[in-house]
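See below for run.csv, which holds CSV, C-alpha atoms.
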```
chain,number,residue,atom,x,y,z
A,153,MET,CA,0.0,0.0,0.0
A,154,PRO,CA,1.5,3.4,-1.0
A,155,VAL,CA,1.9,6.0,1.7
A,156,ASP,CA,-0.7,8.8,1.4
A,157,PHE,CA,1.3,12.0,2.1
A,158,THR,CA,-1.9,14.0,1.8
A,159,ILE,CA,-3.3,12.3,4.9
A,160,ILE,CA,0.0,12.8,6.7
A,161,GLY,CA,0.1,16.5,5.8
A,162,LYS,CA,-3.4,17.0,7.0
A,163,ARG,CA,-2.6,15.2,10.3
A,164,VAL,CA,0.5,17.4,10.8
A,165,LYS,CA,-1.6,20.5,10.3
A,166,GLU,CA,-4.5,19.3,12.4
A,167,ILE,CA,-2.3,18.3,15.4
A,168,ARG,CA,-0.2,21.4,15.0
A,169,LEU,CA,-3.3,23.6,15.2
A,170,SER,CA,-4.7,21.7,18.1
A,171,LYS,CA,-1.5,22.4,20.0
A,172,ASN,CA,-1.7,26.1,19.0
A,173,LEU,CA,1.6,26.0,17.2
A,174,SER,CA,2.4,28.1,14.2
A,175,GLN,CA,4.2,26.6,11.2
A,176,ALA,CA,7.3,28.6,12.1
A,177,LYS,CA,7.3,27.4,15.7
A,178,LEU,CA,6.9,23.8,14.8
A,179,ALA,CA,9.5,24.0,12.0
A,180,GLU,CA,11.9,25.5,14.5
A,181,MET,CA,11.2,22.8,17.1
A,182,ALA,CA,11.5,20.0,14.4
A,183,ASP,CA,14.7,21.5,12.9
A,184,LEU,CA,13.0,22.1,9.6
A,185,SER,CA,12.5,25.1,7.4
A,186,THR,CA,9.0,26.7,7.5
A,187,GLN,CA,8.7,26.3,3.8
A,188,TYR,CA,9.5,22.6,3.9
A,189,LEU,CA,6.9,22.1,6.7
A,190,SER,CA,4.4,24.0,4.6
A,191,HIS,CA,5.2,21.6,1.7
A,192,ILE,CA,4.7,18.6,4.0
A,193,GLU,CA,1.3,19.9,5.2
A,194,THR,CA,0.1,20.5,1.6
A,195,ALA,CA,1.7,17.2,0.3
A,196,ARG,CA,3.7,19.1,-2.2
A,197,LYS,CA,6.8,17.3,-0.8
A,198,GLN,CA,7.0,13.8,0.6
A,199,ALA,CA,8.4,14.0,4.1
A,200,SER,CA,11.5,12.0,4.9
A,201,LEU,CA,11.3,9.5,7.8
A,202,THR,CA,13.7,11.7,9.8
A,203,SER,CA,11.5,14.7,9.2
A,204,LEU,CA,8.4,12.8,10.4
A,205,ILE,CA,10.2,11.6,13.5
A,206,ASN,CA,11.3,15.1,14.3
A,207,ILE,CA,7.8,16.5,13.8
A,208,ALA,CA,6.3,13.8,16.0
A,209,LYS,CA,8.9,14.5,18.7
A,210,ALA,CA,8.3,18.2,18.5
A,211,MET,CA,4.6,17.8,18.9
A,212,ASP,CA,5.0,15.2,21.7
A,213,ILE,CA,3.1,12.5,19.8
A,214,THR,CA,4.1,9.1,18.5
A,215,LEU,CA,4.9,8.4,14.9
A,216,ASP,CA,1.8,6.0,14.9
A,217,GLU,CA,-0.4,9.0,15.8
A,218,LEU,CA,1.1,11.0,12.9
A,219,LEU,CA,0.7,8.1,10.5
A,220,SER,CA,-2.9,7.4,11.6
A,221,GLY,CA,-5.0,6.8,8.5
A,222,ASN,CA,-2.2,5.2,6.5
A,223,GLN,CA,-2.3,1.8,8.3
A,224,ILE,CA,-4.6,-0.9,7.1
A,225,ASN,CA,-6.7,-2.6,9.8
A,226,SER,CA,-5.3,-0.4,12.6
A,227,PRO,CA,-6.8,-1.5,16.0
A,228,VAL,CA,-6.6,2.1,17.2
A,229,GLU,CA,-8.0,3.7,14.0
A,230,TYR,CA,-9.4,7.1,15.0
A,231,LYS,CA,-8.7,6.6,18.7
A,232,ASN,CA,-6.0,9.3,18.7
A,233,ASP,CA,-8.2,11.6,16.7
A,234,ILE,CA,-11.0,11.1,19.3
A,235,ASP,CA,-8.6,11.6,22.2
A,236,ILE,CA,-7.5,14.9,20.7
A,237,LEU,CA,-11.1,16.0,20.0
A,238,LEU,CA,-12.1,15.2,23.6
A,239,SER,CA,-8.9,16.6,25.2
A,240,ASP,CA,-10.5,20.0,26.1
A,241,CYS,CA,-14.0,18.7,27.0
A,242,THR,CA,-15.5,18.6,30.4
A,243,LYS,CA,-16.8,15.3,31.9
A,244,TYR,CA,-20.3,16.3,31.0
A,245,GLU,CA,-19.4,17.1,27.4
A,246,LYS,CA,-17.5,13.8,27.1
A,247,ARG,CA,-20.6,11.9,28.5
A,248,VAL,CA,-23.0,13.6,26.1
A,249,LEU,CA,-20.6,12.9,23.1
A,250,PHE,CA,-20.3,9.3,24.2
A,251,GLU,CA,-24.1,8.9,24.3
A,252,LEU,CA,-24.4,10.6,20.9
A,253,MET,CA,-21.9,8.2,19.4
A,254,ARG,CA,-23.6,5.1,21.0
A,255,ALA,CA,-27.0,6.3,19.6
A,256,THR,CA,-25.6,7.1,16.2
A,257,LYS,CA,-23.9,3.7,16.0
A,258,ARG,CA,-27.2,2.0,16.9
A,259,ILE,CA,-29.2,4.0,14.3
A,260,LEU,CA,-26.6,3.4,11.6
A,261,ARG,CA,-26.7,-0.4,12.2
A,262,GLU,CA,-30.5,-0.5,12.4
A,263,ASN,CA,-30.8,1.3,9.1
A,264,GLU,CA,-27.9,-0.2,7.2
A,265,SER,CA,-30.5,-2.0,4.9
A,266,LEU,CA,-31.4,1.4,3.5
A,267,LEU,CA,-28.0,1.9,2.0
A,268,GLU,CA,-27.5,1.1,-1.6
A,269,TYR,CA,-24.1,-0.4,-0.8
A,270,PRO,CA,-23.9,-2.0,2.7
A,271,SER,CA,-20.7,-1.3,4.5
A,272,GLU,CA,-17.8,-3.8,4.1
A,273,ASP,CA,-16.5,-3.3,7.6
```
Let me see the structure of the file written as structure tokens.
Amino acid sequence: MPVDFTIIGKRVKEIRLSKNLSQAKLAEMADLSTQYLSHIETARKQASLTSLINIAKAMDITLDELLSGNQINSPVEYKNDIDILLSDCTKYEKRVLFELMRATKRILRENESLLEYPSED
């Protein structure tokens, strides 16, 4: 399976913004040029493994978190995304979102027969 550098670029940007880091600040922390980081985020350049490791270290995340979406059958698919999304929520907000997810899952499964193409997974 080829690596999707567009997904990686979007993940870098999404996590960078969630951590309130500018491109310039992250580039400095990862020992990269701002222009190169911009090219990674927009998938105009394919990031080297060393660059991805430096970016992950600078943002205090694992390389797995950065590559999320590129792995087939990942047992933690979307877990890190959900953790980031919930990181600034109150206990009440987390509970409401959990209940919404549970209800949405139930509704999706109950109405799957309405889909033209049933889900494969």
Practice item. Counting only C-alpha atoms, figure out which residue out of A:Asp233, A:Glu251, A:Asp240, A:Asp183 gets nearest to A:Thr202. Key: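 Ranked by minimum distance to A:Thr202, first place goes to A:Asp183.
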Review point. Which is closest to A:Ala195 among A:Thr214, A:Thr256, A:Ser265, A:Thr158, if we use only C-alpha atoms?
Key: A:Thr158
Point to revise | Separation of atom CA of A:Leu201 from atom CA of A:Glu217, in Å and rounded to one decimal | key: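 Taking atom CA of A:Leu201 and atom CA of A:Glu217, their separation equals 14.2 Å.
What separates atom CA of A:Cys241 from atom CA of A:Ser170 is a distance of 13.2 Å.
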Check your understanding: For A:Ser174, which residue among A:Tyr230, A:Leu189, A:Lys162, A:Asp212 is the nearest when counting only C-alpha atoms?
Key ->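 Result for the nearest residue to A:Ser174: A:Leu189.
When atom CA of A:Asp216 is paired with atom CA of A:Arg196, their separation reads 21.6 Å.
Counting all atoms listed in the file and comparing A:Ile167, A:Leu237, A:Leu249, A:Met181, the residue that lies closest to A:Ile213 is A:Ile167.
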Check your understanding: Nearest to A:Leu219: which of A:Ile205, A:Val248, A:Glu180, A:Leu266 is it, counting all atoms listed in the file?
Key ->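 Selected residue with least distance to A:Leu219: A:Ile205.
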Check your understanding: Which is closer to A:Leu204 than all the others in A:Ile159, A:Leu169, A:Val164, A:Leu238, using only C-alpha atoms?
Key ->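 The shortest atom-to-atom distance to A:Leu204 comes from A:Val164.
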